[in-house]
file data_12.txt (compact mmCIF, C-alpha atoms)
# COMPACT_ATOMS: atom_id res chain seq x y z
CA MET A 11 10.15 19.61 18.54
CA THR A 12 13.85 19.80 17.81
CA GLY A 13 17.17 18.59 19.16
CA ALA A 14 17.53 15.08 20.59
CA THR A 15 15.56 12.14 19.28
CA GLN A 16 11.98 12.28 20.50
CA THR A 17 9.55 9.46 21.19
CA ALA A 18 5.81 10.05 21.46
CA VAL A 19 3.24 7.84 23.12
CA ILE A 20 -0.23 8.45 21.72
CA GLY A 21 -2.81 6.87 23.98
CA ALA A 22 -2.30 7.01 27.73
CA GLY A 23 -4.39 4.09 28.90
CA MET A 24 -3.03 1.19 30.92
CA MET A 25 -0.67 -0.09 28.21
CA GLY A 26 0.38 3.39 27.17
CA GLU A 27 1.31 4.25 30.74
CA ALA A 28 3.19 0.97 31.12
CA LEU A 29 5.32 1.78 28.09
CA LEU A 30 5.80 5.34 29.27
CA ALA A 31 7.07 4.13 32.64
CA GLY A 32 9.41 1.70 30.92
CA LEU A 33 10.78 4.32 28.55
CA LEU A 34 11.51 6.69 31.40
CA ARG A 35 13.70 4.08 33.07
CA SER A 36 16.29 4.52 30.34
CA ARG A 37 15.79 8.03 28.93
CA PRO A 38 15.11 11.53 30.25
CA ALA A 39 11.57 12.86 30.52
CA ASP A 40 12.26 15.57 27.94
CA ALA A 41 12.94 12.86 25.32
CA VAL A 42 9.36 11.56 25.62
CA VAL A 43 6.03 13.26 24.99
CA VAL A 44 2.51 11.94 25.44
CA GLY A 45 -0.48 12.58 23.22
CA GLU A 46 -3.57 12.74 25.42
CA LYS A 47 -6.77 14.74 24.98
CA ARG A 48 -8.26 14.36 28.46
CA ALA A 49 -7.10 17.28 30.58
CA GLU A 50 -7.44 15.43 33.89
CA ARG A 51 -5.41 12.47 32.61
CA ALA A 52 -2.81 14.81 31.12
CA ALA A 53 -2.33 16.53 34.47
CA GLU A 54 -2.05 13.17 36.22
CA LEU A 55 0.70 11.98 33.86
CA THR A 56 2.61 15.25 34.12
CA ASP A 57 2.51 15.13 37.91
CA LYS A 58 3.48 11.47 38.07
CA TYR A 59 6.20 11.28 35.40
CA GLY A 60 7.24 14.86 34.65
CA VAL A 61 6.57 14.42 30.94
CA ARG A 62 5.10 16.93 28.56
CA VAL A 63 1.55 16.06 27.48
CA VAL A 64 0.46 17.53 24.14
CA SER A 65 -2.18 17.10 21.47
CA ASN A 66 -2.01 14.09 19.16
CA LEU A 67 -0.98 16.38 16.31
CA ASP A 68 1.92 17.82 18.28
CA ALA A 69 2.95 14.32 19.39
CA ALA A 70 3.01 13.25 15.74
CA ALA A 71 6.07 15.47 15.18
CA ALA A 72 8.25 13.05 17.18
CA ASP A 73 10.83 10.89 15.44
CA THR A 74 9.09 7.74 16.66
CA VAL A 75 5.37 7.54 17.39
CA LEU A 76 4.00 4.74 19.56
CA LEU A 77 0.33 4.30 18.73
CA VAL A 78 -1.21 2.75 21.85
CA VAL A 79 -4.94 3.07 21.19
CA LYS A 80 -7.83 0.63 20.88
CA PRO A 81 -8.13 -1.15 17.51
CA GLN A 82 -11.38 0.64 16.72
CA ASP A 83 -9.68 4.02 17.25
CA VAL A 84 -6.64 3.47 15.01
CA ALA A 85 -8.23 4.79 11.83
CA THR A 86 -9.57 7.91 13.57
CA VAL A 87 -6.22 8.75 15.14
CA LEU A 88 -4.26 8.12 11.94
CA GLU A 89 -6.68 10.24 9.93
CA GLU A 90 -6.04 13.00 12.45
CA ILE A 91 -2.25 12.81 12.53
CA GLY A 92 -1.57 11.32 9.09
CA PRO A 93 -1.05 14.66 7.30
CA SER A 94 1.61 15.57 9.89
CA LEU A 95 3.61 12.38 9.45
CA ARG A 96 6.59 12.31 7.10
CA ALA A 97 8.69 9.82 5.16
CA GLY A 98 11.36 8.20 7.30
CA GLN A 99 9.33 8.58 10.48
CA LEU A 100 8.62 5.46 12.53
CA VAL A 101 5.10 4.54 13.65
CA VAL A 102 4.83 1.63 16.06
CA SER A 103 1.28 0.30 16.39
CA LEU A 104 0.24 -1.72 19.43
CA ALA A 105 -3.38 -2.17 18.32
CA ALA A 106 -4.55 -5.80 18.30
CA GLY A 107 -5.48 -7.21 14.93
CA ILE A 108 -4.75 -4.08 12.87
CA THR A 109 -2.54 -5.08 9.94
CA ILE A 110 0.53 -3.31 8.67
CA ALA A 111 -1.21 -2.79 5.32
CA ALA A 112 -4.15 -1.09 7.02
CA ILE A 113 -1.82 1.28 8.86
CA GLU A 114 0.37 1.99 5.82
CA ALA A 115 -2.77 2.88 3.85
CA LEU A 116 -3.50 5.66 6.36
CA VAL A 117 -0.04 7.23 6.54
CA PRO A 118 2.05 9.04 3.90
CA GLU A 119 4.26 7.04 1.57
CA GLY A 120 7.62 6.26 3.13
CA VAL A 121 6.49 6.28 6.76
CA SER A 122 7.94 3.20 8.46
CA VAL A 123 5.54 0.97 10.35
CA VAL A 124 6.10 -1.72 12.96
CA ARG A 125 3.20 -3.79 14.25
CA VAL A 126 3.44 -4.97 17.85
CA MET A 127 1.41 -7.29 20.06
CA PRO A 128 2.25 -6.43 23.70
CA ASN A 129 0.69 -7.72 26.91
CA THR A 130 -0.26 -6.23 30.26
CA PRO A 131 2.66 -7.56 32.37
CA ALA A 132 4.49 -4.65 30.76
CA LEU A 133 2.99 -2.76 33.71
CA VAL A 134 5.52 -4.47 35.99
CA GLY A 135 8.38 -4.62 33.50
CA GLN A 136 7.65 -8.24 32.57
CA GLY A 137 5.84 -7.76 29.27
CA MET A 138 6.13 -9.90 26.15
CA ALA A 139 6.01 -8.02 22.87
CA ALA A 140 6.10 -9.50 19.35
CA LEU A 141 7.19 -7.13 16.57
CA SER A 142 6.67 -7.32 12.80
CA PRO A 143 8.32 -4.78 10.45
CA GLY A 144 6.42 -3.08 7.64
CA THR A 145 7.29 -2.29 4.04
CA HIS A 146 9.56 0.70 4.65
CA CYS A 147 10.99 -0.31 8.01
CA SER A 148 14.79 -0.47 8.04
CA GLU A 149 16.84 -2.76 10.27
CA ASP A 150 17.85 0.25 12.35
CA GLN A 151 14.23 1.25 12.82
CA LEU A 152 13.24 -2.28 13.79
CA ALA A 153 16.09 -2.24 16.30
CA GLU A 154 14.82 1.10 17.64
CA ALA A 155 11.30 -0.30 18.06
CA THR A 156 12.70 -3.40 19.74
CA ASP A 157 14.71 -1.24 22.13
CA LEU A 158 11.64 0.82 23.00
CA LEU A 159 9.52 -2.25 23.76
CA SER A 160 12.36 -3.91 25.68
CA ALA A 161 11.97 -1.15 28.27
CA ALA A 162 8.81 -2.95 29.45
CA GLY A 163 9.90 -6.59 29.15
CA ARG A 164 11.04 -9.09 26.53
CA THR A 165 10.66 -8.93 22.75
CA VAL A 166 10.62 -11.23 19.76
CA VAL A 167 10.43 -10.48 16.01
CA VAL A 168 7.92 -12.56 14.03
CA PRO A 169 6.46 -12.53 10.51
CA GLU A 170 3.21 -10.62 10.45
CA LYS A 171 1.28 -13.74 9.47
CA GLN A 172 2.02 -15.08 12.97
CA GLN A 173 0.65 -12.04 14.81
CA ASP A 174 -2.87 -13.44 15.24
CA ALA A 175 -1.43 -16.56 16.89
CA VAL A 176 0.82 -14.37 19.05
CA THR A 177 -2.27 -12.45 20.14
CA ALA A 178 -3.90 -15.71 21.23
CA ILE A 179 -0.84 -16.86 23.20
CA SER A 180 0.82 -13.86 24.84
CA GLY A 181 -1.52 -10.99 24.06
CA SER A 182 -4.52 -12.58 25.74
CA GLY A 183 -2.46 -15.06 27.75
CA PRO A 184 -2.28 -13.13 31.04
CA ALA A 185 -6.06 -13.40 31.33
CA TYR A 186 -5.84 -17.20 31.12
CA VAL A 187 -3.30 -17.22 33.94
CA PHE A 188 -5.43 -14.88 36.03
CA LEU A 189 -8.42 -17.17 35.48
CA VAL A 190 -6.38 -20.18 36.62
CA ALA A 191 -5.24 -18.20 39.67
CA GLU A 192 -8.81 -17.20 40.44
CA ALA A 193 -9.97 -20.81 40.15
CA MET A 194 -7.16 -22.07 42.40
CA VAL A 195 -7.89 -19.48 45.08
CA GLU A 196 -11.60 -20.28 45.04
CA ALA A 197 -10.83 -23.99 45.25
CA GLY A 198 -8.51 -23.33 48.19
CA VAL A 199 -11.28 -21.50 50.02
CA HIS A 200 -13.64 -24.39 49.26
CA LEU A 201 -11.09 -26.76 50.79
CA GLY A 202 -11.07 -24.74 54.00
CA LEU A 203 -8.16 -22.30 53.61
CA PRO A 204 -8.50 -18.62 54.54
CA ARG A 205 -8.78 -16.56 51.33
CA ALA A 206 -5.58 -14.63 52.06
CA THR A 207 -3.65 -17.87 52.53
CA ALA A 208 -5.11 -19.42 49.38
CA HIS A 209 -4.18 -16.27 47.45
CA GLU A 210 -0.60 -16.23 48.74
CA LEU A 211 -0.11 -19.94 48.06
CA THR A 212 -1.49 -19.58 44.52
CA VAL A 213 0.46 -16.47 43.53
CA GLN A 214 3.80 -17.76 44.79
CA THR A 215 3.21 -21.14 43.16
CA LEU A 216 2.51 -19.53 39.80
CA LEU A 217 5.50 -17.22 40.16
CA GLY A 218 7.78 -20.07 41.16
CA ALA A 219 6.59 -22.30 38.33
CA ALA A 220 7.05 -19.53 35.76
CA THR A 221 10.54 -18.83 37.11
CA MET A 222 11.46 -22.52 36.80
CA LEU A 223 10.24 -22.55 33.20
CA SER A 224 12.29 -19.45 32.42
CA GLU A 225 15.50 -20.28 34.27
CA THR A 226 15.82 -24.03 33.70
CA GLY A 227 14.87 -24.00 30.03
CA ASP A 228 13.33 -27.45 30.55
CA HIS A 229 10.27 -28.57 28.60
CA PRO A 230 7.03 -28.00 30.54
CA ALA A 231 6.26 -31.72 30.28
CA LEU A 232 9.53 -32.60 32.02
CA LEU A 233 8.89 -30.15 34.84
CA ARG A 234 5.37 -31.48 35.22
CA GLU A 235 6.64 -35.06 35.37
CA ASN A 236 9.14 -34.09 38.08
CA VAL A 237 6.25 -32.99 40.30
CA THR A 238 4.07 -36.01 39.54
CA SER A 239 4.79 -39.04 41.73
CA PRO A 240 3.16 -42.34 40.65
CA ALA A 241 -0.31 -42.65 42.16
CA GLY A 242 0.25 -39.46 44.14
CA THR A 243 -1.80 -36.33 44.77
CA THR A 244 -0.56 -34.48 41.68
CA ALA A 245 -1.32 -37.47 39.46
CA ALA A 246 -4.86 -37.55 40.81
CA ALA A 247 -5.34 -33.85 40.15
CA LEU A 248 -3.87 -33.99 36.64
CA ARG A 249 -6.01 -36.98 35.72
CA THR A 250 -9.10 -35.01 36.72
CA LEU A 251 -8.02 -31.99 34.66
CA GLU A 252 -7.41 -34.21 31.64
CA ASP A 253 -10.79 -35.91 32.16
CA HIS A 254 -12.37 -32.45 31.94
CA GLY A 255 -10.65 -31.78 28.61
CA LEU A 256 -8.15 -29.14 29.74
CA ARG A 257 -5.92 -29.35 26.66
CA ALA A 258 -8.86 -29.34 24.24
CA ALA A 259 -10.35 -26.36 26.06
CA PHE A 260 -7.11 -24.38 25.77
CA LEU A 261 -6.80 -25.20 22.08
CA ALA A 262 -10.39 -24.11 21.42
CA ALA A 263 -9.90 -20.94 23.47
CA LEU A 264 -6.71 -19.94 21.66
CA GLU A 265 -8.30 -20.64 18.29
CA ALA A 266 -11.19 -18.37 19.28
CA ALA A 267 -8.76 -15.62 20.29
CA ARG A 268 -6.84 -15.99 17.03
CA ASP A 269 -10.05 -15.86 14.99
CA ARG A 270 -11.19 -12.73 16.80
CA SER A 271 -7.83 -11.11 16.08
CA VAL A 272 -8.35 -11.88 12.40
CA GLU A 273 -11.82 -10.33 12.57
CA LEU A 274 -10.45 -7.16 14.17
CA GLY A 275 -7.93 -6.88 11.34
CA GLY A 276 -10.73 -7.17 8.80

call {"tool": "encode", "arguments": {"input": "data_12.txt", "output": "structure tokens"}}
result
Amino acid sequence: MTGATQTAVIGAGMMGEALLAGLLRSRPADAVVVGEKRAERAAELTDKYGVRVVSNLDAAAADTVLLVVKPQDVATVLEEIGPSLRAGQLVVSLAAGITIAAIEALVPEGVSVVRVMPNTPALVGQGMAALSPGTHCSEDQLAEATDLLSAAGRTVVVPEKQQDAVTAISGSGPAYVFLVAEAMVEAGVHLGLPRATAHELTVQTLLGAATMLSETGDHPALLRENVTSPAGTTAAALRTLEDHGLRAAFLAALEAARDRSVELGG
């Protein structure tokens, strides 16, 4: 693999494909390779994106390697490709809970590592990725990793000690929103709305609320207060949610997610 700078994506699951699609928005297909062992999946990706799909070992020759595999598979993959990695190369890990130290212990000395917590809205170009640089990672390499992840959404750089909390907020966060959406749709049906109508009302409401949060920059509490008239319908609904311990439930849930992230890292 010679010539222009190459980026490899090892792991072609949902998140791997999301990143691949994002990368191809800003760079030619011959600048990206995919490491994928399943022949059927390899053919699918080649047909869909026009990229070259190779073995993990061949992918490891790229200048930058995006490791997009399950946490339990990180060690196996790095043991496979580790001997092919070289000092100065950049490995970007998107495996939840796996520490920089754990990755650096499995790669040759001098290989640069960046740990990333992404999330699934990367599939639609609206991902949120938090990056933490490793021991040998230069500012230029961190900028390169940030640029790569920006292809699928927004990015932020955080100290590694904050990654478990990031996992609880944005990594797992889409599932919380989907659960809220599911609950709202089901409640709408219970109140007599057709399911399709309840779904459309819920989705657009969530999208509109998120857009207001993003574009106004106002505190969520202020936006909530603006919707809540004294003794009105929203006040009644919010009082019921608070009576059911909504805030305490979210805190407990996020603490559980953070603790599980710590366990995965162990």

call {"tool": "residues_around", "arguments": {"input": "data_12.txt", "residues": "Ala155 in chain A", "least_positions_apart": "4", "cutoff": "10 Å", "atoms": "only C-alpha atoms", "output": "PyMOL selection string"}}
result
chain A and resi 74-76+100-102+123-126+141-143+149-151+159-160+165

call {"tool": "write_last_selection", "arguments": {"input": "data_12.txt", "atoms": "C-alpha atoms", "output": "mmCIF file, in the frame of the given file"}}
result
data_model
loop_
_atom_site.group_PDB
_atom_site.id
_atom_site.type_symbol
_atom_site.label_atom_id
_atom_site.label_comp_id
_atom_site.auth_asym_id
_atom_site.auth_seq_id
_atom_site.Cartn_x
_atom_site.Cartn_y
_atom_site.Cartn_z
ATOM 1 C CA THR A 74 9.090 7.740 16.660
ATOM 2 C CA VAL A 75 5.370 7.540 17.390
ATOM 3 C CA LEU A 76 4.000 4.740 19.560
ATOM 4 C CA LEU A 100 8.620 5.460 12.530
ATOM 5 C CA VAL A 101 5.100 4.540 13.650
ATOM 6 C CA VAL A 102 4.830 1.630 16.060
ATOM 7 C CA VAL A 123 5.540 0.970 10.350
ATOM 8 C CA VAL A 124 6.100 -1.720 12.960
ATOM 9 C CA ARG A 125 3.200 -3.790 14.250
ATOM 10 C CA VAL A 126 3.440 -4.970 17.850
ATOM 11 C CA LEU A 141 7.190 -7.130 16.570
ATOM 12 C CA SER A 142 6.670 -7.320 12.800
ATOM 13 C CA PRO A 143 8.320 -4.780 10.450
ATOM 14 C CA GLU A 149 16.840 -2.760 10.270
ATOM 15 C CA ASP A 150 17.850 0.250 12.350
ATOM 16 C CA GLN A 151 14.230 1.250 12.820
ATOM 17 C CA LEU A 159 9.520 -2.250 23.760
ATOM 18 C CA SER A 160 12.360 -3.910 25.680
ATOM 19 C CA THR A 165 10.660 -8.930 22.750
#

call {"tool": "residues_near_point", "arguments": {"input": "data_12.txt", "point": "(7.1, 0.6, 28.9)", "cutoff": "8 Å", "atoms": "all atoms listed in the file", "output": "list in words"}}
result
Met25, Gly26, Glu27, Ala28, Leu29, Leu30, Ala31, Gly32, Leu33, Leu34, Ala132, Leu133, Gly135, Leu158, Leu159, Ser160, Ala161, Ala162 and Gly163 of chain A

call {"tool": "atom_distance", "arguments": {"input": "data_12.txt", "atom1": "CA of Glu89 in chain A", "atom2": "CA of Gly23 in chain A"}}
result
20.1 Å

call {"tool": "atom_distance", "arguments": {"input": "data_12.txt", "atom1": "CA of Gly137 in chain A", "atom2": "CA of Arg51 in chain A"}}
result
23.4 Å

call {"tool": "atom_distance", "arguments": {"input": "data_12.txt", "atom1": "CA of Glu54 in chain A", "atom2": "CA of Thr17 in chain A"}}
result
19.3 Å

call {"tool": "build_atoms", "arguments": {"input": "data_12.txt", "residues": "range 233-248 of chain A", "atoms": "N, CA, C and O atoms", "output": "compact mmCIF listing (two decimals), in the frame of the given file"}}
result
# COMPACT_ATOMS: atom_id res chain seq x y z
N LEU A 233 9.11 -30.75 33.53
CA LEU A 233 8.89 -30.15 34.84
C LEU A 233 7.63 -30.69 35.50
O LEU A 233 7.59 -30.92 36.72
N ARG A 234 6.60 -30.90 34.68
CA ARG A 234 5.37 -31.48 35.22
C ARG A 234 5.61 -32.89 35.74
O ARG A 234 5.15 -33.26 36.83
N GLU A 235 6.36 -33.69 34.96
CA GLU A 235 6.64 -35.06 35.37
C GLU A 235 7.44 -35.11 36.68
O GLU A 235 7.25 -36.01 37.50
N ASN A 236 8.33 -34.12 36.87
CA ASN A 236 9.14 -34.09 38.08
C ASN A 236 8.30 -33.85 39.34
O ASN A 236 8.73 -34.19 40.45
N VAL A 237 7.14 -33.25 39.17
CA VAL A 237 6.25 -32.99 40.30
C VAL A 237 5.29 -34.16 40.54
O VAL A 237 4.72 -34.30 41.62
N THR A 238 5.14 -35.01 39.52
CA THR A 238 4.07 -36.01 39.54
C THR A 238 4.60 -37.39 39.96
O THR A 238 5.15 -38.14 39.15
N SER A 239 4.41 -37.72 41.23
CA SER A 239 4.79 -39.04 41.73
C SER A 239 3.72 -40.06 41.32
O SER A 239 2.54 -39.73 41.26
N PRO A 240 4.13 -41.30 41.02
CA PRO A 240 3.16 -42.34 40.65
C PRO A 240 2.09 -42.50 41.72
O PRO A 240 2.39 -42.63 42.91
N ALA A 241 0.84 -42.45 41.29
CA ALA A 241 -0.31 -42.65 42.16
C ALA A 241 -0.38 -41.63 43.30
O ALA A 241 -1.01 -41.88 44.34
N GLY A 242 0.24 -40.47 43.09
CA GLY A 242 0.25 -39.46 44.14
C GLY A 242 -0.85 -38.43 43.97
O GLY A 242 -1.74 -38.55 43.12
N THR A 243 -0.76 -37.37 44.78
CA THR A 243 -1.80 -36.33 44.77
C THR A 243 -1.81 -35.55 43.45
O THR A 243 -2.89 -35.25 42.92
N THR A 244 -0.62 -35.23 42.94
CA THR A 244 -0.56 -34.48 41.68
C THR A 244 -1.11 -35.30 40.53
O THR A 244 -1.83 -34.78 39.67
N ALA A 245 -0.80 -36.59 40.51
CA ALA A 245 -1.32 -37.47 39.46
C ALA A 245 -2.84 -37.50 39.50
O ALA A 245 -3.50 -37.48 38.44
N ALA A 246 -3.40 -37.53 40.68
CA ALA A 246 -4.86 -37.55 40.81
C ALA A 246 -5.46 -36.25 40.28
O ALA A 246 -6.48 -36.26 39.57
N ALA A 247 -4.82 -35.14 40.61
CA ALA A 247 -5.34 -33.85 40.15
C ALA A 247 -5.21 -33.71 38.64
O ALA A 247 -6.16 -33.28 37.96
N LEU A 248 -4.08 -34.11 38.08
CA LEU A 248 -3.87 -33.99 36.64
C LEU A 248 -4.82 -34.89 35.86
O LEU A 248 -5.32 -34.51 34.80
